[in-house]
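run.pdb follows (PDB, C-alpha atoms):
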```pdb
ATOM      1  CA  MET A   1     104.918  74.530 169.336
ATOM      2  CA  THR A   2     105.824  72.214 172.150
ATOM      3  CA  THR A   3     107.772  73.952 174.881
ATOM      4  CA  ALA A   4     111.307  72.674 175.336
ATOM      5  CA  LEU A   5     111.653  70.118 178.115
ATOM      6  CA  HIS A   6     114.025  71.285 180.771
ATOM      7  CA  THR A   7     116.214  68.903 182.688
ATOM      8  CA  THR A   8     113.997  68.642 185.688
ATOM      9  CA  ALA A   9     114.096  67.331 189.173
ATOM     10  CA  ALA A  10     112.017  64.375 188.046
ATOM     11  CA  THR A  11     114.737  63.253 185.697
ATOM     12  CA  GLN A  12     117.710  64.512 187.706
ATOM     13  CA  ALA A  13     116.763  62.466 190.737
ATOM     14  CA  CYS A  14     115.970  59.384 188.640
ATOM     15  CA  CYS A  15     115.851  56.505 189.608
ATOM     16  CA  ALA A  16     117.625  54.791 192.511
ATOM     17  CA  PRO A  17     115.180  54.285 195.392
ATOM     18  CA  LEU A  18     115.898  56.728 198.209
ATOM     19  CA  VAL A  19     115.778  53.839 200.659
ATOM     20  CA  ALA A  20     118.667  52.073 198.897
ATOM     21  CA  ALA A  21     121.336  54.587 199.893
ATOM     22  CA  PRO A  22     121.346  58.021 201.552
ATOM     23  CA  LEU A  23     120.179  60.714 199.095
ATOM     24  CA  ASP A  24     122.797  63.363 198.508
ATOM     25  CA  PRO A  25     121.729  66.959 199.229
ATOM     26  CA  GLN A  26     121.484  67.934 195.537
ATOM     27  CA  ASP A  27     119.236  64.998 194.631
ATOM     28  CA  ALA A  28     117.129  65.689 197.724
ATOM     29  CA  GLU A  29     116.666  69.342 196.652
ATOM     30  CA  ALA A  30     115.682  68.326 193.118
ATOM     31  CA  LEU A  31     113.235  65.670 194.262
ATOM     32  CA  ALA A  32     111.705  68.035 196.863
ATOM     33  CA  ARG A  33     111.070  70.621 194.112
ATOM     34  CA  THR A  34     109.180  68.085 192.012
ATOM     35  CA  LEU A  35     107.225  66.850 195.038
ATOM     36  CA  LYS A  36     106.261  70.449 195.919
ATOM     37  CA  ALA A  37     104.742  70.821 192.447
ATOM     38  CA  LEU A  38     102.803  67.602 193.040
ATOM     39  CA  ALA A  39     101.783  68.330 196.650
ATOM     40  CA  ASP A  40      98.585  70.175 195.823
ATOM     41  CA  PRO A  41      95.194  68.498 195.468
ATOM     42  CA  THR A  42      94.142  70.572 192.448
ATOM     43  CA  ARG A  43      97.392  69.849 190.616
ATOM     44  CA  LEU A  44      97.083  66.121 191.355
ATOM     45  CA  ARG A  45      93.537  66.162 189.961
ATOM     46  CA  LEU A  46      94.675  68.108 186.868
ATOM     47  CA  LEU A  47      97.440  65.566 186.152
ATOM     48  CA  SER A  48      94.920  62.798 186.560
ATOM     49  CA  LEU A  49      92.338  64.512 184.329
ATOM     50  CA  VAL A  50      94.886  65.239 181.597
ATOM     51  CA  ALA A  51      96.077  61.614 181.616
ATOM     52  CA  ALA A  52      92.523  60.255 181.504
ATOM     53  CA  HIS A  53      91.390  62.670 178.758
ATOM     54  CA  GLU A  54      90.856  61.482 175.192
ATOM     55  CA  GLY A  55      94.208  61.146 173.456
ATOM     56  CA  GLY A  56      96.079  61.764 176.727
ATOM     57  CA  GLU A  57      95.916  65.518 176.286
ATOM     58  CA  ALA A  58      93.563  68.277 177.365
ATOM     59  CA  CYS A  59      93.220  72.037 177.071
ATOM     60  CA  VAL A  60      92.301  74.440 179.881
ATOM     61  CA  CYS A  61      88.791  74.475 178.381
ATOM     62  CA  ASP A  62      88.444  70.755 179.250
ATOM     63  CA  LEU A  63      89.704  71.166 182.815
ATOM     64  CA  THR A  64      87.967  74.149 184.422
ATOM     65  CA  ASP A  65      84.590  72.419 184.859
ATOM     66  CA  PRO A  66      85.884  69.174 186.440
ATOM     67  CA  VAL A  67      87.952  71.014 189.067
ATOM     68  CA  GLY A  68      85.427  73.854 189.523
ATOM     69  CA  LEU A  69      88.000  76.644 189.280
ATOM     70  CA  SER A  70      88.463  79.664 187.010
ATOM     71  CA  GLN A  71      90.556  79.455 183.868
ATOM     72  CA  PRO A  72      93.348  81.723 185.228
ATOM     73  CA  THR A  73      93.634  79.556 188.362
ATOM     74  CA  VAL A  74      93.733  76.348 186.341
ATOM     75  CA  SER A  75      96.294  77.903 183.954
ATOM     76  CA  HIS A  76      98.478  78.838 186.925
ATOM     77  CA  HIS A  77      98.432  75.268 188.274
ATOM     78  CA  LEU A  78      99.176  73.877 184.806
ATOM     79  CA  LYS A  79     102.166  76.232 184.505
ATOM     80  CA  VAL A  80     103.569  74.915 187.804
ATOM     81  CA  LEU A  81     103.288  71.367 186.437
ATOM     82  CA  VAL A  82     104.916  72.346 183.122
ATOM     83  CA  ASP A  83     107.746  74.147 184.953
ATOM     84  CA  ALA A  84     108.310  71.037 187.085
ATOM     85  CA  GLY A  85     108.719  68.918 183.959
ATOM     86  CA  LEU A  86     105.561  66.916 184.598
ATOM     87  CA  LEU A  87     103.395  68.247 181.743
ATOM     88  CA  THR A  88     104.125  69.378 178.184
ATOM     89  CA  ARG A  89     102.306  72.387 176.707
ATOM     90  CA  ASP A  90     101.525  72.499 173.006
ATOM     91  CA  LYS A  91      99.865  75.664 171.656
ATOM     92  CA  ARG A  92      97.577  74.960 168.688
ATOM     93  CA  GLY A  93      95.297  77.732 167.479
ATOM     94  CA  VAL A  94      93.385  79.362 170.304
ATOM     95  CA  TRP A  95      94.193  76.758 172.957
ATOM     96  CA  ALA A  96      97.218  75.188 174.582
ATOM     97  CA  TYR A  97      97.073  71.421 175.000
ATOM     98  CA  TYR A  98      98.683  69.684 177.947
ATOM     99  CA  ALA A  99      99.952  66.111 178.166
ATOM    100  CA  LEU A 100     102.033  64.099 180.643
ATOM    101  CA  VAL A 101     105.785  64.139 180.071
ATOM    102  CA  PRO A 102     106.458  60.462 179.341
ATOM    103  CA  GLY A 103     108.285  58.832 182.231
ATOM    104  CA  ALA A 104     108.264  61.837 184.561
ATOM    105  CA  LEU A 105     105.795  60.460 187.115
ATOM    106  CA  ASP A 106     107.390  57.026 186.873
ATOM    107  CA  ALA A 107     110.773  58.562 187.671
ATOM    108  CA  VAL A 108     109.378  60.098 190.875
ATOM    109  CA  ALA A 109     107.649  56.818 191.749
ATOM    110  CA  ALA A 110     110.885  54.907 191.194
ATOM    111  CA  VAL A 111     112.791  57.109 193.660
ATOM    112  CA  LEU A 112     110.065  56.918 196.320
ATOM    113  CA  GLY A 113     109.314  53.206 196.008
ATOM    114  CA  THR A 114     111.461  50.716 197.839
ATOM    115  CA  GLN A 115     112.137  48.459 194.874
ATOM    116  CA  LEU A 116     114.223  49.149 191.797
ATOM    117  CA  ARG A 117     111.934  49.394 188.786
ATOM    118  CA  ARG A 118     112.941  50.099 185.200
TER     119      ARG A 118
ATOM    120  CA  MET B 119     106.225  52.001 222.937
ATOM    121  CA  THR B 120     105.490  52.240 219.252
ATOM    122  CA  THR B 121     103.135  55.077 218.418
ATOM    123  CA  ALA B 122      99.832  53.997 216.952
ATOM    124  CA  LEU B 123      99.736  54.116 213.189
ATOM    125  CA  HIS B 124      97.071  56.445 211.965
ATOM    126  CA  THR B 125      95.141  55.775 208.797
ATOM    127  CA  THR B 126      97.111  58.081 206.650
ATOM    128  CA  ALA B 127      96.986  59.639 203.259
ATOM    129  CA  ALA B 128      99.593  57.141 202.107
ATOM    130  CA  THR B 129      97.259  54.261 202.776
ATOM    131  CA  GLN B 130      93.976  56.070 202.077
ATOM    132  CA  ALA B 131      95.006  57.000 198.568
ATOM    133  CA  CYS B 132      96.448  53.525 197.891
ATOM    134  CA  CYS B 133      97.000  52.269 195.159
ATOM    135  CA  ALA B 134      95.337  52.919 191.791
ATOM    136  CA  PRO B 135      97.623  55.039 189.605
ATOM    137  CA  LEU B 136      96.320  58.594 189.325
ATOM    138  CA  VAL B 137      96.729  58.406 185.565
ATOM    139  CA  ALA B 138      94.315  55.465 185.326
ATOM    140  CA  ALA B 139      91.199  57.444 186.257
ATOM    141  CA  PRO B 140      90.499  60.963 187.553
ATOM    142  CA  LEU B 141      91.386  61.237 191.257
ATOM    143  CA  ASP B 142      88.408  62.196 193.378
ATOM    144  CA  PRO B 143      88.816  65.328 195.524
ATOM    145  CA  GLN B 144      89.143  63.403 198.812
ATOM    146  CA  ASP B 145      91.908  61.123 197.503
ATOM    147  CA  ALA B 146      93.652  64.144 195.980
ATOM    148  CA  GLU B 147      93.582  65.943 199.378
ATOM    149  CA  ALA B 148      94.955  62.885 201.175
ATOM    150  CA  LEU B 149      97.730  62.293 198.657
ATOM    151  CA  ALA B 150      98.669  66.008 198.636
ATOM    152  CA  ARG B 151      99.064  65.906 202.442
ATOM    153  CA  THR B 152     101.490  62.988 202.225
ATOM    154  CA  LEU B 153     103.405  64.633 199.370
ATOM    155  CA  LYS B 154     103.700  67.865 201.398
ATOM    156  CA  ALA B 155     105.376  65.892 204.180
ATOM    157  CA  LEU B 156     107.772  64.427 201.606
ATOM    158  CA  ALA B 157     108.393  67.671 199.684
ATOM    159  CA  ASP B 158     111.311  68.862 201.800
ATOM    160  CA  PRO B 159     114.955  68.037 201.091
ATOM    161  CA  THR B 160     115.851  67.457 204.750
ATOM    162  CA  ARG B 161     112.899  65.125 205.278
ATOM    163  CA  LEU B 162     113.762  63.166 202.128
ATOM    164  CA  ARG B 163     117.333  62.777 203.382
ATOM    165  CA  LEU B 164     116.109  61.707 206.826
ATOM    166  CA  LEU B 165     113.862  59.005 205.333
ATOM    167  CA  SER B 166     116.762  57.828 203.247
ATOM    168  CA  LEU B 167     119.188  57.826 206.203
ATOM    169  CA  VAL B 168     116.750  55.948 208.446
ATOM    170  CA  ALA B 169     116.184  53.308 205.763
ATOM    171  CA  ALA B 170     119.907  52.874 205.123
ATOM    172  CA  HIS B 171     120.816  52.737 208.838
ATOM    173  CA  GLU B 172     121.790  49.481 210.510
ATOM    174  CA  GLY B 173     118.674  47.454 211.233
ATOM    175  CA  GLY B 174     116.505  49.899 209.271
ATOM    176  CA  GLU B 175     116.065  52.173 212.269
ATOM    177  CA  ALA B 176     117.847  55.210 213.653
ATOM    178  CA  CYS B 177     117.587  57.618 216.559
ATOM    179  CA  VAL B 178     117.914  61.407 216.386
ATOM    180  CA  CYS B 179     121.446  60.934 217.721
ATOM    181  CA  ASP B 180     122.351  59.094 214.467
ATOM    182  CA  LEU B 181     120.793  61.708 212.193
ATOM    183  CA  THR B 182     121.892  65.165 213.328
ATOM    184  CA  ASP B 183     125.472  64.862 212.023
ATOM    185  CA  PRO B 184     124.636  63.574 208.518
ATOM    186  CA  VAL B 185     122.114  66.359 207.868
ATOM    187  CA  GLY B 186     124.094  69.027 209.746
ATOM    188  CA  LEU B 187     121.118  70.323 211.737
ATOM    189  CA  SER B 188     120.315  70.675 215.440
ATOM    190  CA  GLN B 189     118.504  67.937 217.336
ATOM    191  CA  PRO B 190     115.289  69.996 217.799
ATOM    192  CA  THR B 191     115.158  70.723 214.059
ATOM    193  CA  VAL B 192     115.722  67.079 213.156
ATOM    194  CA  SER B 193     113.115  66.004 215.746
ATOM    195  CA  HIS B 194     110.597  68.406 214.193
ATOM    196  CA  HIS B 195     111.150  66.952 210.713
ATOM    197  CA  LEU B 196     110.882  63.403 212.079
ATOM    198  CA  LYS B 197     107.578  64.292 213.752
ATOM    199  CA  VAL B 198     106.178  65.527 210.415
ATOM    200  CA  LEU B 199     107.134  62.184 208.849
ATOM    201  CA  VAL B 200     105.602  60.214 211.748
ATOM    202  CA  ASP B 201     102.394  62.286 211.572
ATOM    203  CA  ALA B 202     102.206  61.601 207.811
ATOM    204  CA  GLY B 203     102.373  57.861 208.453
ATOM    205  CA  LEU B 204     105.764  57.475 206.802
ATOM    206  CA  LEU B 205     107.879  56.697 209.895
ATOM    207  CA  THR B 206     107.223  54.806 213.123
ATOM    208  CA  ARG B 207     108.614  56.095 216.428
ATOM    209  CA  ASP B 208     109.631  53.656 219.156
ATOM    210  CA  LYS B 209     110.815  55.112 222.478
ATOM    211  CA  ARG B 210     113.402  52.898 224.196
ATOM    212  CA  GLY B 211     115.251  54.322 227.182
ATOM    213  CA  VAL B 212     116.684  57.739 226.498
ATOM    214  CA  TRP B 213     116.137  57.727 222.740
ATOM    215  CA  ALA B 214     113.297  57.322 220.277
ATOM    216  CA  TYR B 215     114.045  55.082 217.305
ATOM    217  CA  TYR B 216     112.543  55.734 213.892
ATOM    218  CA  ALA B 217     111.868  53.245 211.096
ATOM    219  CA  LEU B 218     109.983  53.308 207.788
ATOM    220  CA  VAL B 219     106.329  52.312 207.951
ATOM    221  CA  PRO B 220     106.313  49.187 205.783
ATOM    222  CA  GLY B 221     104.575  49.842 202.468
ATOM    223  CA  ALA B 222     103.954  53.566 202.999
ATOM    224  CA  LEU B 223     106.431  54.863 200.412
ATOM    225  CA  ASP B 224     105.440  52.086 198.018
ATOM    226  CA  ALA B 225     101.790  53.161 198.323
ATOM    227  CA  VAL B 226     102.702  56.722 197.288
ATOM    228  CA  ALA B 227     104.879  55.390 194.455
ATOM    229  CA  ALA B 228     102.035  53.173 193.253
ATOM    230  CA  VAL B 229      99.644  56.123 192.982
ATOM    231  CA  LEU B 230     102.162  58.339 191.176
ATOM    232  CA  GLY B 231     103.520  55.715 188.787
ATOM    233  CA  THR B 232     101.699  54.956 185.585
ATOM    234  CA  GLN B 233     101.654  51.195 186.005
ATOM    235  CA  LEU B 234      99.728  49.106 188.480
ATOM    236  CA  ARG B 235     102.171  47.475 190.900
ATOM    237  CA  ARG B 236     101.420  45.177 193.783
TER     238      ARG B 236
END
```
I need this file expressed as structure tokens, please.
Amino acid sequence: MTTALHTTAATQACCAPLVAAPLDPQDAEALARTLKALADPTRLRLLSLVAAHEGGEACVCDLTDPVGLSQPTVSHHLKVLVDAGLLTRDKRGVWAYYALVPGALDAVAAVLGTQLRR
Amino acid sequence: MTTALHTTAATQACCAPLVAAPLDPQDAEALARTLKALADPTRLRLLSLVAAHEGGEACVCDLTDPVGLSQPTVSHHLKVLVDAGLLTRDKRGVWAYYALVPGALDAVAAVLGTQLRR
């Protein structure tokens, strides 16, 4: 079962560049929450590893070795990324499989970049 | 005098998308440092206000009212953004003027987004 996607900061703050007009406080809060989830080197590497994995999805069992951390620690970081709307989690049998939420990273990039991109 | 621009995470981690290939630990550390500087609602609003200000630069005196914070607090947040290589600081007379470092936000956006952009 794929967990329901919440309306997340990544989509709430989408997609006018923050340099185009002053961000309102609510959009700034939402974007800061998403950036906090991203602002960790292990979580950045996990996103990158999931995206690069065969089929664009990976289970915890694929990720512990590359980042050199225990399964509970990796699971914690993955949960932060799921809660931030950046990864989906799909439980199949023994393992949960993680994949990028389509468009979520692009939405953050679109707000940070100085040019409108769609 | 414009402060020297350090080689920062924003430029170090530039510009292959993190989804294209697994991020190495050093690039992940550098990018996480830049994202930590960005992951604060006040700092996001300050970047946005500076960019939208006349001439693309602003002094603390222009920024305290819009964010509703004291000058020392705003100065602290601006220093974090300067240290992260996202803003320049140019002292002229009584005030220091802040402007976006050209390309710095676009470099972060390019790493986070899923498409190569130049």
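For the choices B:Ala214, B:Leu153, B:Leu230, B:Leu187, the atom-to-atom distance to A:Ala51 is smallest for B:Leu230 when using all atoms listed in the file.
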Wanna dump the chain B-chain A contacts at 7 Å for me, each residue with its shortest atom pair and the distance in Å to one decimal, counting all atoms listed in the file, ordered by chain and number, as a Markdown table?
```
| residue | atom | partner | partner_atom | distance |
| --- | --- | --- | --- | --- |
| B:Leu136 | CA | A:Ser48 | CA | 5.2 |
| B:Val137 | CA | A:Ser48 | CA | 4.9 |
| B:Ala138 | CA | A:Ala52 | CA | 6.4 |
| B:Ala139 | CA | A:Ala52 | CA | 5.7 |
| B:Pro140 | CA | A:Ser48 | CA | 4.9 |
| B:Leu141 | CA | A:Arg45 | CA | 5.5 |
| B:Ala146 | CA | A:Pro41 | CA | 4.6 |
| B:Glu147 | CA | A:Pro41 | CA | 4.9 |
| B:Ala150 | CA | A:Ala39 | CA | 4.4 |
| B:Arg151 | CA | A:Ala39 | CA | 6.8 |
| B:Leu153 | CA | A:Ala39 | CA | 4.9 |
| B:Lys154 | CA | A:Ala39 | CA | 5.1 |
| B:Ala157 | CA | A:Ala32 | CA | 4.4 |
| B:Asp158 | CA | A:Ala32 | CA | 5.0 |
| B:Pro159 | CA | A:Ala28 | CA | 4.6 |
| B:Leu162 | CA | A:Ala28 | CA | 6.1 |
| B:Arg163 | CA | A:Leu23 | CA | 5.5 |
| B:Ser166 | CA | A:Val19 | CA | 4.9 |
| B:Leu167 | CA | A:Pro22 | CA | 5.1 |
| B:Ala169 | CA | A:Val19 | CA | 5.1 |
| B:Ala170 | CA | A:Ala21 | CA | 5.7 |
| B:Leu223 | CA | A:Gly113 | CA | 5.5 |
| B:Asp224 | CA | A:Gly113 | CA | 4.5 |
| B:Ala227 | CA | A:Ala109 | CA | 4.1 |
| B:Ala228 | CA | A:Ala109 | CA | 6.9 |
| B:Leu230 | CA | A:Ala109 | CA | 5.7 |
| B:Gly231 | CA | A:Asp106 | CA | 4.5 |
| B:Thr232 | CA | A:Asp106 | CA | 6.2 |
```
Export of prior selection with C-alpha atoms as an mmCIF file, in the frame of the given file:
```cif
data_model
loop_
_atom_site.group_PDB
_atom_site.id
_atom_site.type_symbol
_atom_site.label_atom_id
_atom_site.label_comp_id
_atom_site.auth_asym_id
_atom_site.auth_seq_id
_atom_site.Cartn_x
_atom_site.Cartn_y
_atom_site.Cartn_z
ATOM 1 C CA LEU B 136 96.320 58.594 189.325
ATOM 2 C CA VAL B 137 96.729 58.406 185.565
ATOM 3 C CA ALA B 138 94.315 55.465 185.326
ATOM 4 C CA ALA B 139 91.199 57.444 186.257
ATOM 5 C CA PRO B 140 90.499 60.963 187.553
ATOM 6 C CA LEU B 141 91.386 61.237 191.257
ATOM 7 C CA ALA B 146 93.652 64.144 195.980
ATOM 8 C CA GLU B 147 93.582 65.943 199.378
ATOM 9 C CA ALA B 150 98.669 66.008 198.636
ATOM 10 C CA ARG B 151 99.064 65.906 202.442
ATOM 11 C CA LEU B 153 103.405 64.633 199.370
ATOM 12 C CA LYS B 154 103.700 67.865 201.398
ATOM 13 C CA ALA B 157 108.393 67.671 199.684
ATOM 14 C CA ASP B 158 111.311 68.862 201.800
ATOM 15 C CA PRO B 159 114.955 68.037 201.091
ATOM 16 C CA LEU B 162 113.762 63.166 202.128
ATOM 17 C CA ARG B 163 117.333 62.777 203.382
ATOM 18 C CA SER B 166 116.762 57.828 203.247
ATOM 19 C CA LEU B 167 119.188 57.826 206.203
ATOM 20 C CA ALA B 169 116.184 53.308 205.763
ATOM 21 C CA ALA B 170 119.907 52.874 205.123
ATOM 22 C CA LEU B 223 106.431 54.863 200.412
ATOM 23 C CA ASP B 224 105.440 52.086 198.018
ATOM 24 C CA ALA B 227 104.879 55.390 194.455
ATOM 25 C CA ALA B 228 102.035 53.173 193.253
ATOM 26 C CA LEU B 230 102.162 58.339 191.176
ATOM 27 C CA GLY B 231 103.520 55.715 188.787
ATOM 28 C CA THR B 232 101.699 54.956 185.585
#
```
_Selection result for the PyMOL selection byres ((chain A and resi 79) around 12) on this file, as number ranges by chain_ = A: 3, 37, 43, 46-47, 60, 72-78, 80-89, 96-98
